[in-house]
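Listing of my_file-v5.txt, compact mmCIF, N, CA and C atoms
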# COMPACT_ATOMS: atom_id res chain seq x y z
N MET A 221 50.09 255.13 7.51
CA MET A 221 50.16 254.31 8.67
C MET A 221 49.61 252.91 8.38
N ILE A 222 50.27 251.96 8.96
CA ILE A 222 49.88 250.56 8.77
C ILE A 222 49.10 250.15 10.00
N GLY A 223 47.97 249.52 9.74
CA GLY A 223 47.13 249.15 10.87
C GLY A 223 47.43 247.74 11.37
N GLY A 224 47.22 247.48 12.58
CA GLY A 224 47.35 246.17 13.19
C GLY A 224 48.71 245.96 13.83
N ALA A 225 48.80 244.86 14.51
CA ALA A 225 50.03 244.56 15.23
C ALA A 225 51.02 243.88 14.29
N LEU A 226 52.23 244.26 14.41
CA LEU A 226 53.29 243.66 13.62
C LEU A 226 54.16 242.83 14.57
N SER A 227 54.48 241.61 14.13
CA SER A 227 55.33 240.79 14.97
C SER A 227 56.42 240.17 14.10
N LEU A 228 57.42 239.68 14.74
CA LEU A 228 58.54 239.07 14.02
C LEU A 228 58.12 237.68 13.52
N PRO A 229 58.64 237.28 12.36
CA PRO A 229 58.31 235.95 11.84
C PRO A 229 58.88 234.86 12.76
N VAL A 230 58.11 233.77 12.92
CA VAL A 230 58.50 232.65 13.77
C VAL A 230 58.58 231.40 12.91
N THR A 231 59.63 230.60 13.09
CA THR A 231 59.78 229.33 12.35
C THR A 231 59.72 228.18 13.34
N PHE A 232 59.08 227.11 12.91
CA PHE A 232 58.98 225.90 13.71
C PHE A 232 59.73 224.79 12.97
N ASN A 233 60.82 224.34 13.50
CA ASN A 233 61.62 223.29 12.85
C ASN A 233 61.21 221.89 13.28
N ASN A 234 60.62 221.72 14.40
CA ASN A 234 60.33 220.40 14.94
C ASN A 234 58.88 219.97 14.76
N MET A 235 58.18 220.53 13.85
CA MET A 235 56.78 220.20 13.66
C MET A 235 56.65 218.98 12.76
N VAL A 236 55.95 217.94 13.24
CA VAL A 236 55.72 216.72 12.49
C VAL A 236 54.22 216.56 12.32
N ILE A 237 53.80 216.39 11.08
CA ILE A 237 52.38 216.21 10.80
C ILE A 237 52.18 214.75 10.44
N SER A 238 51.27 214.07 11.11
CA SER A 238 51.00 212.67 10.81
C SER A 238 49.49 212.46 10.82
N THR A 239 49.09 211.33 10.22
CA THR A 239 47.67 211.03 10.19
C THR A 239 47.22 210.49 11.53
N LYS A 240 45.95 210.51 11.73
CA LYS A 240 45.38 210.03 12.99
C LYS A 240 45.53 208.50 13.03
N PRO A 241 46.08 207.96 14.12
CA PRO A 241 46.24 206.51 14.20
C PRO A 241 44.89 205.81 14.33
N ILE A 242 44.78 204.68 13.60
CA ILE A 242 43.56 203.88 13.65
C ILE A 242 43.67 202.83 14.74
N LEU A 243 44.89 202.30 14.91
CA LEU A 243 45.12 201.22 15.87
C LEU A 243 46.34 201.58 16.71
N THR A 244 46.16 201.49 18.01
CA THR A 244 47.27 201.77 18.92
C THR A 244 47.46 200.56 19.82
N ILE A 245 48.67 200.00 19.76
CA ILE A 245 49.02 198.87 20.61
C ILE A 245 50.26 199.29 21.40
N GLY A 246 50.08 199.57 22.66
CA GLY A 246 51.19 200.03 23.48
C GLY A 246 51.70 201.36 22.94
N PHE A 247 52.98 201.37 22.58
CA PHE A 247 53.59 202.60 22.04
C PHE A 247 53.50 202.66 20.52
N ILE A 248 53.00 201.60 19.90
CA ILE A 248 52.93 201.54 18.45
C ILE A 248 51.59 202.10 17.99
N GLN A 249 51.67 203.08 17.10
CA GLN A 249 50.46 203.68 16.53
C GLN A 249 50.46 203.41 15.03
N LEU A 250 49.39 202.79 14.55
CA LEU A 250 49.30 202.43 13.14
C LEU A 250 48.20 203.22 12.46
N SER A 251 48.57 203.82 11.34
CA SER A 251 47.58 204.52 10.53
C SER A 251 47.01 203.56 9.49
N LEU A 252 46.07 204.02 8.71
CA LEU A 252 45.46 203.18 7.68
C LEU A 252 46.50 202.73 6.67
N LEU A 253 47.38 203.62 6.26
CA LEU A 253 48.43 203.27 5.31
C LEU A 253 49.37 202.20 5.89
N ASP A 254 49.74 202.34 7.15
CA ASP A 254 50.60 201.34 7.79
C ASP A 254 49.93 199.96 7.81
N ILE A 255 48.66 199.92 8.13
CA ILE A 255 47.93 198.65 8.18
C ILE A 255 47.85 198.03 6.78
N ILE A 256 47.59 198.84 5.77
CA ILE A 256 47.52 198.33 4.39
C ILE A 256 48.87 197.76 3.95
N VAL A 257 49.95 198.46 4.26
CA VAL A 257 51.29 197.98 3.89
C VAL A 257 51.59 196.66 4.58
N ILE A 258 51.28 196.55 5.86
CA ILE A 258 51.52 195.31 6.60
C ILE A 258 50.70 194.15 6.01
N LEU A 259 49.43 194.42 5.69
CA LEU A 259 48.59 193.38 5.11
C LEU A 259 49.09 192.94 3.73
N VAL A 260 49.55 193.87 2.91
CA VAL A 260 50.08 193.52 1.59
C VAL A 260 51.34 192.66 1.73
N ILE A 261 52.20 193.02 2.68
CA ILE A 261 53.42 192.24 2.90
C ILE A 261 53.07 190.83 3.38
N LEU A 262 52.12 190.71 4.29
CA LEU A 262 51.68 189.40 4.77
C LEU A 262 51.06 188.57 3.65
N LEU A 263 50.26 189.21 2.80
CA LEU A 263 49.62 188.51 1.69
C LEU A 263 50.67 188.00 0.69
N MET A 264 51.63 188.84 0.37
CA MET A 264 52.70 188.42 -0.55
C MET A 264 53.52 187.28 0.05
N GLY A 265 53.81 187.36 1.33
CA GLY A 265 54.54 186.29 2.00
C GLY A 265 53.76 184.98 1.99
N SER A 266 52.46 185.08 2.19
CA SER A 266 51.62 183.88 2.17
C SER A 266 51.61 183.24 0.78
N PHE A 267 51.50 184.05 -0.26
CA PHE A 267 51.51 183.51 -1.62
C PHE A 267 52.85 182.85 -1.93
N MET A 268 53.94 183.49 -1.55
CA MET A 268 55.25 182.91 -1.81
C MET A 268 55.44 181.61 -1.03
N GLY A 269 55.02 181.59 0.22
CA GLY A 269 55.12 180.38 1.02
C GLY A 269 54.29 179.25 0.45
N GLY A 270 53.07 179.54 0.02
CA GLY A 270 52.22 178.53 -0.60
C GLY A 270 52.80 178.00 -1.90
N TYR A 271 53.36 178.89 -2.70
CA TYR A 271 53.97 178.48 -3.97
C TYR A 271 55.11 177.50 -3.71
N TYR A 272 56.01 177.84 -2.80
CA TYR A 272 57.14 176.96 -2.53
C TYR A 272 56.71 175.66 -1.87
N PHE A 273 55.68 175.71 -1.02
CA PHE A 273 55.17 174.49 -0.40
C PHE A 273 54.65 173.53 -1.45
N PHE A 274 53.82 174.01 -2.37
CA PHE A 274 53.26 173.14 -3.40
C PHE A 274 54.32 172.72 -4.42
N LYS A 275 55.30 173.57 -4.67
CA LYS A 275 56.37 173.20 -5.58
C LYS A 275 57.19 172.06 -5.00
N LEU A 276 57.55 172.14 -3.72
CA LEU A 276 58.31 171.08 -3.07
C LEU A 276 57.50 169.79 -2.99
N LYS A 277 56.20 169.92 -2.71
CA LYS A 277 55.35 168.73 -2.65
C LYS A 277 55.26 168.07 -4.03
N SER A 278 55.14 168.87 -5.07
CA SER A 278 55.07 168.34 -6.43
C SER A 278 56.36 167.62 -6.80
N GLU A 279 57.50 168.20 -6.44
CA GLU A 279 58.79 167.55 -6.73
C GLU A 279 58.91 166.23 -5.97
N LYS A 280 58.43 166.20 -4.74
CA LYS A 280 58.49 164.97 -3.95
C LYS A 280 57.64 163.88 -4.60
N ILE A 281 56.44 164.24 -5.04
CA ILE A 281 55.56 163.27 -5.71
C ILE A 281 56.19 162.79 -7.02
N ASN A 282 56.80 163.71 -7.77
CA ASN A 282 57.44 163.32 -9.03
C ASN A 282 58.57 162.32 -8.79
N ARG A 283 59.34 162.53 -7.72
CA ARG A 283 60.42 161.58 -7.40
C ARG A 283 59.83 160.21 -7.06
N LYS A 284 58.75 160.19 -6.27
CA LYS A 284 58.14 158.91 -5.90
C LYS A 284 57.56 158.20 -7.13
N VAL A 285 56.97 158.96 -8.03
CA VAL A 285 56.41 158.37 -9.26
C VAL A 285 57.54 157.79 -10.11
N PHE A 286 58.66 158.50 -10.20
CA PHE A 286 59.80 158.01 -10.98
C PHE A 286 60.31 156.69 -10.41
N VAL A 287 60.46 156.63 -9.09
CA VAL A 287 60.93 155.38 -8.45
C VAL A 287 59.95 154.25 -8.73
N THR A 288 58.66 154.55 -8.62
CA THR A 288 57.64 153.52 -8.86
C THR A 288 57.68 153.06 -10.32
N GLN A 289 57.87 153.99 -11.25
CA GLN A 289 57.96 153.60 -12.66
C GLN A 289 59.15 152.68 -12.90
N GLN A 290 60.28 153.00 -12.29
CA GLN A 290 61.46 152.14 -12.44
C GLN A 290 61.20 150.75 -11.86
N ASP A 291 60.51 150.72 -10.73
CA ASP A 291 60.19 149.43 -10.11
C ASP A 291 59.23 148.62 -10.97
N VAL A 292 58.27 149.28 -11.60
CA VAL A 292 57.33 148.57 -12.48
C VAL A 292 58.08 148.00 -13.69
N ILE A 293 59.05 148.73 -14.20
CA ILE A 293 59.85 148.20 -15.32
C ILE A 293 60.61 146.95 -14.88
N LYS A 294 61.21 147.01 -13.68
CA LYS A 294 61.94 145.84 -13.16
C LYS A 294 60.99 144.66 -12.96
N ILE A 295 59.81 144.94 -12.44
CA ILE A 295 58.83 143.88 -12.20
C ILE A 295 58.38 143.26 -13.52
N THR A 296 58.16 144.09 -14.52
CA THR A 296 57.75 143.58 -15.83
C THR A 296 58.83 142.68 -16.41
N ASN A 297 60.08 143.09 -16.27
CA ASN A 297 61.18 142.25 -16.76
C ASN A 297 61.24 140.93 -16.00
N MET A 298 60.96 140.99 -14.68
CA MET A 298 60.98 139.77 -13.88
C MET A 298 59.87 138.81 -14.33
N ILE A 299 58.69 139.36 -14.63
CA ILE A 299 57.59 138.51 -15.11
C ILE A 299 57.93 137.91 -16.47
N LYS A 300 58.54 138.71 -17.34
CA LYS A 300 58.94 138.20 -18.65
C LYS A 300 59.92 137.04 -18.50
N LYS A 301 60.88 137.19 -17.57
CA LYS A 301 61.85 136.14 -17.33
C LYS A 301 61.15 134.87 -16.83
N ASP A 302 60.20 135.06 -15.89
CA ASP A 302 59.47 133.90 -15.38
C ASP A 302 58.65 133.23 -16.49
N MET A 303 58.10 134.02 -17.37
CA MET A 303 57.32 133.45 -18.48
C MET A 303 58.23 132.66 -19.42
N GLU A 304 59.44 133.18 -19.67
CA GLU A 304 60.39 132.44 -20.51
C GLU A 304 60.78 131.12 -19.84
N ASP A 305 61.00 131.19 -18.52
CA ASP A 305 61.33 129.96 -17.79
C ASP A 305 60.19 128.95 -17.87
N LEU A 306 58.95 129.45 -17.78
CA LEU A 306 57.79 128.56 -17.88
C LEU A 306 57.69 127.94 -19.27
N LYS A 307 57.95 128.73 -20.30
CA LYS A 307 57.92 128.19 -21.67
C LYS A 307 58.97 127.10 -21.85
N LYS A 308 60.16 127.34 -21.29
CA LYS A 308 61.21 126.33 -21.38
C LYS A 308 60.82 125.08 -20.61
N ALA A 309 60.21 125.27 -19.44
CA ALA A 309 59.80 124.13 -18.62
C ALA A 309 58.70 123.32 -19.30
N LEU A 310 57.81 123.99 -20.02
CA LEU A 310 56.73 123.28 -20.71
C LEU A 310 57.27 122.43 -21.87
N LYS A 311 58.42 122.80 -22.42
CA LYS A 311 59.00 122.05 -23.52
C LYS A 311 59.65 120.76 -23.05
N THR A 312 59.98 120.70 -21.76
CA THR A 312 60.57 119.47 -21.23
C THR A 312 59.47 118.48 -20.87
N GLU A 313 59.83 117.24 -20.76
CA GLU A 313 58.84 116.22 -20.43
C GLU A 313 58.67 116.06 -18.92
N ASP A 314 59.54 116.67 -18.15
CA ASP A 314 59.49 116.54 -16.69
C ASP A 314 58.43 117.48 -16.13
N LYS A 315 57.42 116.91 -15.45
CA LYS A 315 56.33 117.71 -14.87
C LYS A 315 56.81 118.57 -13.70
N PHE A 316 57.87 118.13 -13.03
CA PHE A 316 58.38 118.86 -11.89
C PHE A 316 58.85 120.26 -12.31
N ASP A 317 59.47 120.36 -13.47
CA ASP A 317 59.91 121.66 -13.98
C ASP A 317 58.72 122.58 -14.22
N ASP A 318 57.65 122.03 -14.76
CA ASP A 318 56.45 122.82 -15.03
C ASP A 318 55.86 123.36 -13.73
N GLU A 319 55.70 122.48 -12.77
CA GLU A 319 55.11 122.90 -11.50
C GLU A 319 55.99 123.92 -10.78
N PHE A 320 57.30 123.70 -10.83
CA PHE A 320 58.22 124.63 -10.19
C PHE A 320 58.14 126.02 -10.83
N ALA A 321 58.12 126.07 -12.15
CA ALA A 321 58.06 127.35 -12.87
C ALA A 321 56.74 128.06 -12.58
N ILE A 322 55.64 127.31 -12.53
CA ILE A 322 54.33 127.90 -12.24
C ILE A 322 54.31 128.46 -10.81
N LYS A 323 54.86 127.68 -9.85
CA LYS A 323 54.89 128.15 -8.46
C LYS A 323 55.75 129.41 -8.32
N GLU A 324 56.89 129.44 -9.02
CA GLU A 324 57.74 130.64 -8.98
C GLU A 324 57.01 131.85 -9.56
N LEU A 325 56.31 131.63 -10.65
CA LEU A 325 55.55 132.72 -11.27
C LEU A 325 54.45 133.21 -10.33
N GLU A 326 53.72 132.30 -9.73
CA GLU A 326 52.66 132.68 -8.78
C GLU A 326 53.23 133.42 -7.58
N LYS A 327 54.36 132.94 -7.07
CA LYS A 327 54.99 133.59 -5.92
C LYS A 327 55.43 135.02 -6.27
N ASN A 328 56.02 135.18 -7.44
CA ASN A 328 56.47 136.51 -7.86
C ASN A 328 55.29 137.45 -8.11
N VAL A 329 54.21 136.94 -8.69
CA VAL A 329 53.03 137.77 -8.93
C VAL A 329 52.42 138.21 -7.60
N ALA A 330 52.39 137.34 -6.61
CA ALA A 330 51.87 137.72 -5.29
C ALA A 330 52.73 138.80 -4.65
N LYS A 331 54.06 138.65 -4.76
CA LYS A 331 54.96 139.67 -4.22
C LYS A 331 54.75 141.01 -4.94
N ILE A 332 54.59 140.93 -6.24
CA ILE A 332 54.41 142.14 -7.05
C ILE A 332 53.12 142.85 -6.66
N ASP A 333 52.06 142.09 -6.45
CA ASP A 333 50.77 142.67 -6.07
C ASP A 333 50.91 143.46 -4.77
N ILE A 334 51.55 142.86 -3.77
CA ILE A 334 51.73 143.54 -2.48
C ILE A 334 52.64 144.76 -2.65
N TYR A 335 53.72 144.59 -3.41
CA TYR A 335 54.69 145.67 -3.59
C TYR A 335 54.07 146.87 -4.29
N ILE A 336 53.32 146.62 -5.35
CA ILE A 336 52.71 147.74 -6.11
C ILE A 336 51.71 148.49 -5.24
N ARG A 337 50.92 147.77 -4.46
CA ARG A 337 49.97 148.43 -3.56
C ARG A 337 50.69 149.35 -2.57
N LYS A 338 51.80 148.86 -2.02
CA LYS A 338 52.57 149.67 -1.07
C LYS A 338 53.16 150.90 -1.75
N GLU A 339 53.66 150.73 -2.97
CA GLU A 339 54.25 151.86 -3.69
C GLU A 339 53.20 152.93 -4.00
N VAL A 340 52.01 152.51 -4.40
CA VAL A 340 50.94 153.48 -4.70
C VAL A 340 50.52 154.20 -3.42
N GLU A 341 50.41 153.47 -2.31
CA GLU A 341 50.08 154.11 -1.03
C GLU A 341 51.18 155.08 -0.63
N ASN A 342 52.42 154.74 -0.91
CA ASN A 342 53.56 155.62 -0.58
C ASN A 342 53.50 156.91 -1.39
N ILE A 343 53.06 156.84 -2.63
CA ILE A 343 52.94 158.05 -3.46
C ILE A 343 51.88 158.97 -2.88
N GLU A 344 50.79 158.41 -2.38
CA GLU A 344 49.69 159.22 -1.87
C GLU A 344 50.06 159.96 -0.59
N LYS A 345 51.08 159.50 0.13
CA LYS A 345 51.47 160.16 1.38
C LYS A 345 52.23 161.41 1.13
Would you mind writing the file out in structure tokens?
Amino acid sequence: MIGGALSLPVTFNNMVISTKPILTIGFIQLSLLDIIVILVILLMGSFMGGYYFFKLKSEKINRKVFVTQQDVIKITNMIKKDMEDLKKALKTEDKFDDEFAIKELEKNVAKIDIYIRKEVENIEK
């Protein structure tokens, strides 16, 4: 004889086992694993966003530096031309040519001074 009560086997198909929620907001229940996954995704997104932000800023600065370098080359050539004009004017006996060449050189140097300051300020923005 077998002792005890015998019953038919029972199966449960709809049983769901989950961890205890740490944070509940309305109908959303978040476990520790859910919170960790969300934080990792946010952290990765922040790193990617920061990388692209600084990459775009670096490219923008590089473009501004290139433009400024080209402008400095043009300015240097302009000063060289003015210096050649001054040398030619000094070889003539007419004082008016000398004064005109000197005034042109001074005027161009003043323009260059203002222009370079603006370009450097533009790079910093």
Residues within 10 Å of range 312-324 of chain A, please, as a count of residues only. Count only C-alpha atoms; anything in the same chain fewer than 6 positions from it doesn't count. 7
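Every polymer residue reaching to within 10 Å of (48.7, 204.3, 8.4), counting only C-alpha atoms, appears in this list: Ser238, Thr239, Lys240, Pro241, Ile242, Leu243, Gln249, Leu250, Ser251, Leu252, Leu253, Asp254, Ile255, Ile256, Val257 and Ile258 of chain A.
Between CA of Lys284 in chain A and atom N of Ser266 in chain A the interatomic distance comes to 28.0 Å.
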When distances are computed from only C-alpha atoms, which of A:Met298, A:Leu226, A:Ile293, A:Leu263 shows the smallest separation from Val329 in chain A? A:Met298
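Straight-line separation from CA of Glu341 in chain A to atom C of Met268 in chain A: 28.0 Å.
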Could you write out, as JSON, numbers by chain, all the residues of chain A that DSSP marks as alpha helix (DSSP H)? {"A": [252, 253, 254, 255, 256, 257, 258, 259, 260, 261, 262, 263, 264, 265, 266, 267, 268, 269, 270, 271, 272, 273, 274, 275, 276, 277, 278, 279, 280, 281, 282, 283, 284, 285, 286, 287, 288, 289, 290, 291, 292, 293, 294, 295, 296, 297, 298, 299, 300, 301, 302, 303, 304, 305, 306, 307, 308, 309, 310, 311, 315, 316, 317, 318, 319, 320, 321, 322, 323, 324, 325, 326, 327, 328, 329, 330, 331, 332, 333, 334, 335, 336, 337, 338, 339, 340, 341, 342, 343, 344]}
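Coordinates place CA of Lys338 in chain A at a distance of 15.2 Å from atom C of Ile295 in chain A.
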